[in-house]
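K.L.:
One structure coming up, written as structure tokens, with questions to follow.
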Amino acid sequence: MGKLLAIIFLFAVHCAHAQSTSSFIDNTKARFNTIIDQGNWELYVPLYTYHMPYAYSPEKISQYTHIPLGIGVGKGYYNKNNNWEGIYGMTFKDSHGIYQYMAGYAWIPNWNLSSNGDWKIGAGATVFIMSRQDINNYIPFPGLLPVGSISYKKASLQTAFVPGGDGFGNVLFTWAKWSFN
């Protein structure tokens, strides 16, 4: 089931590069297998949820949970182009303090900030399936979000922006990632 889910995620990210169904499926399988075979185990720790003040009243913001208690695991690696690719699963408390669940694939191109490559900065995207109590009562739904990252050796601080409107979305969700290698 996990391999099938990862293949579906990779399909959404790489469909623009597919020239035919069979070559796309082969490419997706190869990427997934590379992450599994060459990737390191990673731990994800949700840290903070920031609600943009232009989208919420101060009273509403004060009602929300800002510390999204949770945990996640995954596998990821830096490919030959210095881009990080990974698959993950994570659970954490949403703004209402209720646990939500997500699993996905992320791709983050990186640029070295130091000559030895210890410091990196990156910006990319994650495609995922999420399940929340307040959206269809935990019926899973897909998503695609931009992700930013700053890394030092095995540690990364990553943030996704959840777009929205007045009183929904417009959130920065931040987590720490530790790579075991």
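The way I read the labels, and the way they are meant: chains A, B, ... in the order of the structure tokens, residue 1 as the first residue of every chain, and ligand 1 as the first ligand shown, with later ones counted on from there.
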Do a neighbour search on Met130 (chain A) at 10 Å with only C-alpha atoms, toss out local chain neighbours closer than 4 positions, and write the hits as number ranges by chain.
P.N.:
A: 89-91, 100-104, 135, 138-143
K.L.:
I need the residues from that last selection saved to file as a JSON list (two decimals), in the first residue's frame (with C-alpha atoms), if you can.
P.N.:
```
[["chain", "number", "residue", "atom", "x", "y", "z"],
["A", 89, "GLY", "CA", 4.23, 10.30, 6.80],
["A", 90, "MET", "CA", 3.33, 12.74, 9.56],
["A", 91, "THR", "CA", 0.65, 13.37, 12.15],
["A", 100, "GLN", "CA", -4.57, 15.24, 11.29],
["A", 101, "TYR", "CA", -2.61, 12.81, 9.13],
["A", 102, "MET", "CA", -0.63, 13.18, 5.94],
["A", 103, "ALA", "CA", 1.68, 11.18, 3.70],
["A", 104, "GLY", "CA", 3.53, 12.54, 0.72],
["A", 135, "ILE", "CA", -12.66, 18.49, 6.12],
["A", 138, "TYR", "CA", -11.26, 12.37, 7.83],
["A", 139, "ILE", "CA", -11.93, 11.37, 4.22],
["A", 140, "PRO", "CA", -8.46, 11.71, 2.61],
["A", 141, "PHE", "CA", -7.88, 14.47, 0.05],
["A", 142, "PRO", "CA", -4.85, 15.46, -2.05],
["A", 143, "GLY", "CA", -2.78, 18.62, -1.72]]
```
K.L.:
Got a sec: who's within 12 Å of Ser62 (chain A), counting only C-alpha atoms, leaving out chain neighbours fewer than 6 positions off, as an NGL selection string?
P.N.:
:A and (50-51 or 53 or 56 or 95-96)
K.L.:
May I have the residues from that selection written out with N, CA and C atoms, as a CSV table (one decimal), in the first residue's frame?
P.N.:
```
chain,number,residue,atom,x,y,z
A,50,TYR,N,1.9,29.2,12.2
A,50,TYR,CA,1.7,30.7,12.2
A,50,TYR,C,0.6,31.1,11.4
A,51,HIS,N,-0.4,31.7,12.0
A,51,HIS,CA,-1.6,32.2,11.2
A,51,HIS,C,-1.4,33.6,10.8
A,53,PRO,N,-1.7,37.3,10.2
A,53,PRO,CA,-2.6,38.3,10.9
A,53,PRO,C,-3.5,39.0,9.9
A,56,TYR,N,-6.8,36.7,9.8
A,56,TYR,CA,-7.5,36.3,11.0
A,56,TYR,C,-7.6,37.5,12.0
A,95,SER,N,-5.0,23.5,13.7
A,95,SER,CA,-5.2,24.7,14.5
A,95,SER,C,-6.2,24.6,15.6
A,96,HIS,N,-7.1,23.6,15.5
A,96,HIS,CA,-8.1,23.4,16.5
A,96,HIS,C,-7.7,22.4,17.5
```
K.L.:
Which residues are near Tyr44 (chain A)? Cut-off 9 Å, only C-alpha atoms, ignore same chain within fewer than 4 positions. Put them as a PyMOL selection string.
P.N.:
chain A and resi 70-74+88-90+175-178
K.L.:
Now that the selection is made, can you save its residues with all heavy atoms as a PDB file, in the first residue's frame?
P.N.:
```
ATOM      1  N   GLY A  70       3.161  16.559  17.387  1.00  0.00           N
ATOM      2  CA  GLY A  70       3.080  15.454  16.452  1.00  0.00           C
ATOM      3  C   GLY A  70       4.451  14.881  16.150  1.00  0.00           C
ATOM      4  O   GLY A  70       5.450  15.238  16.786  1.00  0.00           O
ATOM      5  N   ILE A  71       4.494  14.001  15.154  1.00  0.00           N
ATOM      6  CA  ILE A  71       5.741  13.344  14.764  1.00  0.00           C
ATOM      7  C   ILE A  71       5.575  12.773  13.359  1.00  0.00           C
ATOM      8  O   ILE A  71       4.452  12.532  12.901  1.00  0.00           O
ATOM      9  CB  ILE A  71       6.124  12.234  15.769  1.00  0.00           C
ATOM     10  CG1 ILE A  71       7.567  11.827  15.589  1.00  0.00           C
ATOM     11  CG2 ILE A  71       5.167  11.063  15.674  1.00  0.00           C
ATOM     12  CD1 ILE A  71       8.155  11.152  16.799  1.00  0.00           C
ATOM     13  N   GLY A  72       6.694  12.562  12.702  1.00  0.00           N
ATOM     14  CA  GLY A  72       6.665  11.961  11.377  1.00  0.00           C
ATOM     15  C   GLY A  72       7.956  11.219  11.088  1.00  0.00           C
ATOM     16  O   GLY A  72       8.969  11.440  11.747  1.00  0.00           O
ATOM     17  N   VAL A  73       7.895  10.335  10.120  1.00  0.00           N
ATOM     18  CA  VAL A  73       9.072   9.598   9.664  1.00  0.00           C
ATOM     19  C   VAL A  73       9.058   9.576   8.144  1.00  0.00           C
ATOM     20  O   VAL A  73       8.014   9.734   7.509  1.00  0.00           O
ATOM     21  CB  VAL A  73       9.131   8.153  10.208  1.00  0.00           C
ATOM     22  CG1 VAL A  73       9.294   8.133  11.707  1.00  0.00           C
ATOM     23  CG2 VAL A  73       7.914   7.370   9.778  1.00  0.00           C
ATOM     24  N   GLY A  74      10.234   9.357   7.575  1.00  0.00           N
ATOM     25  CA  GLY A  74      10.319   9.283   6.134  1.00  0.00           C
ATOM     26  C   GLY A  74      11.683   8.798   5.701  1.00  0.00           C
ATOM     27  O   GLY A  74      12.529   8.429   6.526  1.00  0.00           O
ATOM     28  N   TYR A  88       7.329  10.670   3.022  1.00  0.00           N
ATOM     29  CA  TYR A  88       7.138  10.839   4.457  1.00  0.00           C
ATOM     30  C   TYR A  88       5.695  10.548   4.871  1.00  0.00           C
ATOM     31  O   TYR A  88       4.787  10.539   4.046  1.00  0.00           O
ATOM     32  CB  TYR A  88       7.497  12.274   4.868  1.00  0.00           C
ATOM     33  CG  TYR A  88       6.581  13.295   4.222  1.00  0.00           C
ATOM     34  CD1 TYR A  88       5.404  13.685   4.846  1.00  0.00           C
ATOM     35  CD2 TYR A  88       6.879  13.837   2.980  1.00  0.00           C
ATOM     36  CE1 TYR A  88       4.550  14.593   4.247  1.00  0.00           C
ATOM     37  CE2 TYR A  88       6.041  14.747   2.371  1.00  0.00           C
ATOM     38  CZ  TYR A  88       4.871  15.122   3.012  1.00  0.00           C
ATOM     39  OH  TYR A  88       4.021  16.007   2.413  1.00  0.00           O
ATOM     40  N   GLY A  89       5.528  10.357   6.160  1.00  0.00           N
ATOM     41  CA  GLY A  89       4.231  10.299   6.795  1.00  0.00           C
ATOM     42  C   GLY A  89       4.319  11.108   8.075  1.00  0.00           C
ATOM     43  O   GLY A  89       5.348  11.080   8.765  1.00  0.00           O
ATOM     44  N   MET A  90       3.283  11.869   8.388  1.00  0.00           N
ATOM     45  CA  MET A  90       3.331  12.741   9.562  1.00  0.00           C
ATOM     46  C   MET A  90       1.932  12.896  10.155  1.00  0.00           C
ATOM     47  O   MET A  90       0.946  12.891   9.429  1.00  0.00           O
ATOM     48  CB  MET A  90       3.868  14.124   9.144  1.00  0.00           C
ATOM     49  CG  MET A  90       4.273  14.990  10.290  1.00  0.00           C
ATOM     50  SD  MET A  90       4.973  16.653   9.884  1.00  0.00           S
ATOM     51  CE  MET A  90       5.664  16.526   8.282  1.00  0.00           C
ATOM     52  N   TRP A 175       8.375  22.672  10.630  1.00  0.00           N
ATOM     53  CA  TRP A 175       8.815  21.464  11.311  1.00  0.00           C
ATOM     54  C   TRP A 175      10.332  21.334  11.186  1.00  0.00           C
ATOM     55  O   TRP A 175      10.952  21.946  10.327  1.00  0.00           O
ATOM     56  CB  TRP A 175       8.124  20.225  10.734  1.00  0.00           C
ATOM     57  CG  TRP A 175       8.443  19.947   9.311  1.00  0.00           C
ATOM     58  CD1 TRP A 175       9.407  19.105   8.818  1.00  0.00           C
ATOM     59  CD2 TRP A 175       7.802  20.498   8.160  1.00  0.00           C
ATOM     60  NE1 TRP A 175       9.407  19.109   7.443  1.00  0.00           N
ATOM     61  CE2 TRP A 175       8.425  19.965   7.013  1.00  0.00           C
ATOM     62  CE3 TRP A 175       6.760  21.416   7.991  1.00  0.00           C
ATOM     63  CZ2 TRP A 175       8.041  20.309   5.725  1.00  0.00           C
ATOM     64  CZ3 TRP A 175       6.391  21.760   6.699  1.00  0.00           C
ATOM     65  CH2 TRP A 175       7.022  21.202   5.595  1.00  0.00           C
ATOM     66  N   ALA A 176      10.905  20.528  12.082  1.00  0.00           N
ATOM     67  CA  ALA A 176      12.314  20.198  12.025  1.00  0.00           C
ATOM     68  C   ALA A 176      12.448  18.810  11.421  1.00  0.00           C
ATOM     69  O   ALA A 176      11.579  17.953  11.602  1.00  0.00           O
ATOM     70  CB  ALA A 176      12.926  20.211  13.426  1.00  0.00           C
ATOM     71  N   LYS A 177      13.552  18.608  10.681  1.00  0.00           N
ATOM     72  CA  LYS A 177      13.813  17.297  10.068  1.00  0.00           C
ATOM     73  C   LYS A 177      15.235  16.895  10.428  1.00  0.00           C
ATOM     74  O   LYS A 177      16.167  17.690  10.314  1.00  0.00           O
ATOM     75  CB  LYS A 177      13.655  17.378   8.553  1.00  0.00           C
ATOM     76  CG  LYS A 177      13.976  16.073   7.828  1.00  0.00           C
ATOM     77  CD  LYS A 177      13.720  16.185   6.332  1.00  0.00           C
ATOM     78  CE  LYS A 177      14.683  17.036   5.606  1.00  0.00           C
ATOM     79  NZ  LYS A 177      16.015  16.465   5.385  1.00  0.00           N
ATOM     80  N   TRP A 178      15.404  15.672  10.899  1.00  0.00           N
ATOM     81  CA  TRP A 178      16.719  15.135  11.219  1.00  0.00           C
ATOM     82  C   TRP A 178      16.945  13.891  10.377  1.00  0.00           C
ATOM     83  O   TRP A 178      16.111  12.985  10.359  1.00  0.00           O
ATOM     84  CB  TRP A 178      16.816  14.777  12.711  1.00  0.00           C
ATOM     85  CG  TRP A 178      18.143  14.213  13.064  1.00  0.00           C
ATOM     86  CD1 TRP A 178      18.476  12.892  13.177  1.00  0.00           C
ATOM     87  CD2 TRP A 178      19.334  14.931  13.345  1.00  0.00           C
ATOM     88  NE1 TRP A 178      19.799  12.755  13.500  1.00  0.00           N
ATOM     89  CE2 TRP A 178      20.352  14.009  13.598  1.00  0.00           C
ATOM     90  CE3 TRP A 178      19.648  16.306  13.384  1.00  0.00           C
ATOM     91  CZ2 TRP A 178      21.667  14.382  13.918  1.00  0.00           C
ATOM     92  CZ3 TRP A 178      20.935  16.670  13.696  1.00  0.00           C
ATOM     93  CH2 TRP A 178      21.930  15.723  13.965  1.00  0.00           C
TER      94      TRP A 178
END
```
K.L.:
If we count only C-alpha atoms, what is near region 162-173 of chain A at a cut-off of 10 Å, once residues fewer than 6 positions away on the same chain are taken out, given as an NGL selection string?
P.N.:
:A and (46-57 or 60-61 or 66-68 or 94-95 or 143-147)
K.L.:
Please, which residues of region 31-140 of chain A, numbered as in this document, come out strand (DSSP E) from DSSP, as an NGL selection string?
P.N.:
:A and (40-51 or 70-78 or 84-93 or 99-108 or 110-112 or 119-131)
K.L.:
Using only C-alpha atoms, which of A:Val127, A:Gly97, A:Trp84, A:Gln133 sits nearest Pro109 (chain A)?
P.N.:
A:Trp84
K.L.:
For Gln158 (chain A), work out the shell of residues within 6 Å, counting only C-alpha atoms and skipping chain neighbours fewer than 6 positions away, then give it as a ChimeraX atom specification.
P.N.:
/A:148-149,174-175
K.L.:
Report, in Å with one decimal, the straight-line distance from CA of Asn116 (chain A) to CA of Lys153 (chain A).
P.N.:
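Atom-to-atom, CA of Asn116 (chain A) and CA of Lys153 (chain A) are spaced 10.1 Å apart.
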K.L.:
For Ile35 (chain A), which residue among A:Phe180, A:Tyr99, A:Trp107, A:Tyr77 is the nearest when counting only C-alpha atoms?
P.N.:
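Checking each candidate against Ile35 (chain A), we get A:Tyr77 as the closest.
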K.L.:
Have a look at CA of Ile121 (chain A) and CA of Ile108 (chain A) and let me know their distance in Å, one decimal.
P.N.:
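Atom-to-atom, CA of Ile121 (chain A) to CA of Ile108 (chain A), that is 9.2 Å.
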K.L.:
To one decimal place, how far is CA of Gly117 (chain A) from CA of Ile36 (chain A) in Å?
P.N.:
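Between CA of Gly117 (chain A) and CA of Ile36 (chain A) the gap works out to 23.4 Å.
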K.L.:
Please return as a PyMOL selection string: the residues of region 38-147 of chain A that backbone DSSP assigns to helix (DSSP H, G or I).
P.N.:
chain A and resi 38+58-63+136-138
K.L.:
Please produce a file of those selected residues containing C-alpha atoms, as a compact mmCIF listing (two decimals), in the first residue's frame.
P.N.:
```txt
# COMPACT_ATOMS: atom_id res chain seq x y z
CA GLN A 38 19.68 5.24 -1.20
CA PRO A 58 -6.54 38.71 16.96
CA GLU A 59 -9.43 37.07 18.84
CA LYS A 60 -9.55 34.18 16.37
CA ILE A 61 -5.77 33.71 16.40
CA SER A 62 -5.82 33.52 20.20
CA GLN A 63 -8.23 30.55 19.97
CA ASN A 136 -14.98 15.65 5.09
CA ASN A 137 -14.68 13.98 8.50
CA TYR A 138 -11.26 12.37 7.83
```
K.L.:
Just want the 10 Å neighbourhood of Ile98 (chain A), counted on only C-alpha atoms, with same-chain residues fewer than 6 positions away dropped. Output as a PyMOL selection string.
P.N.:
chain A and resi 65+68-69+92+132-134
K.L.:
For N, CA, C and O atoms, I'd like the residues from the last selection saved as a PDB file, in the first residue's frame.
P.N.:
```
ATOM      1  N   THR A  65      -4.456  26.638  18.166  1.00  0.00           N
ATOM      2  CA  THR A  65      -3.265  25.946  18.646  1.00  0.00           C
ATOM      3  C   THR A  65      -2.105  26.336  17.742  1.00  0.00           C
ATOM      4  O   THR A  65      -2.193  26.200  16.529  1.00  0.00           O
ATOM      5  N   PRO A  68       1.886  22.498  17.080  1.00  0.00           N
ATOM      6  CA  PRO A  68       1.215  21.337  16.480  1.00  0.00           C
ATOM      7  C   PRO A  68       1.850  20.014  16.902  1.00  0.00           C
ATOM      8  O   PRO A  68       2.511  19.357  16.107  1.00  0.00           O
ATOM      9  N   LEU A  69       1.649  19.636  18.141  1.00  0.00           N
ATOM     10  CA  LEU A  69       2.259  18.403  18.647  1.00  0.00           C
ATOM     11  C   LEU A  69       2.082  17.261  17.660  1.00  0.00           C
ATOM     12  O   LEU A  69       0.987  17.029  17.157  1.00  0.00           O
ATOM     13  N   PHE A  92       0.015  15.439  13.231  1.00  0.00           N
ATOM     14  CA  PHE A  92       0.195  16.597  14.108  1.00  0.00           C
ATOM     15  C   PHE A  92      -1.161  17.236  14.364  1.00  0.00           C
ATOM     16  O   PHE A  92      -2.134  16.974  13.647  1.00  0.00           O
ATOM     17  N   ARG A 132      -8.252  15.150   7.614  1.00  0.00           N
ATOM     18  CA  ARG A 132      -8.578  16.048   8.733  1.00  0.00           C
ATOM     19  C   ARG A 132     -10.030  15.848   9.158  1.00  0.00           C
ATOM     20  O   ARG A 132     -10.893  15.601   8.321  1.00  0.00           O
ATOM     21  N   GLN A 133     -10.278  16.045  10.435  1.00  0.00           N
ATOM     22  CA  GLN A 133     -11.629  15.875  10.978  1.00  0.00           C
ATOM     23  C   GLN A 133     -12.573  16.943  10.426  1.00  0.00           C
ATOM     24  O   GLN A 133     -13.721  16.662  10.133  1.00  0.00           O
ATOM     25  N   ASP A 134     -12.093  18.176  10.263  1.00  0.00           N
ATOM     26  CA  ASP A 134     -12.970  19.269   9.848  1.00  0.00           C
ATOM     27  C   ASP A 134     -13.150  19.372   8.333  1.00  0.00           C
ATOM     28  O   ASP A 134     -13.884  20.222   7.856  1.00  0.00           O
TER      29      ASP A 134
END
```
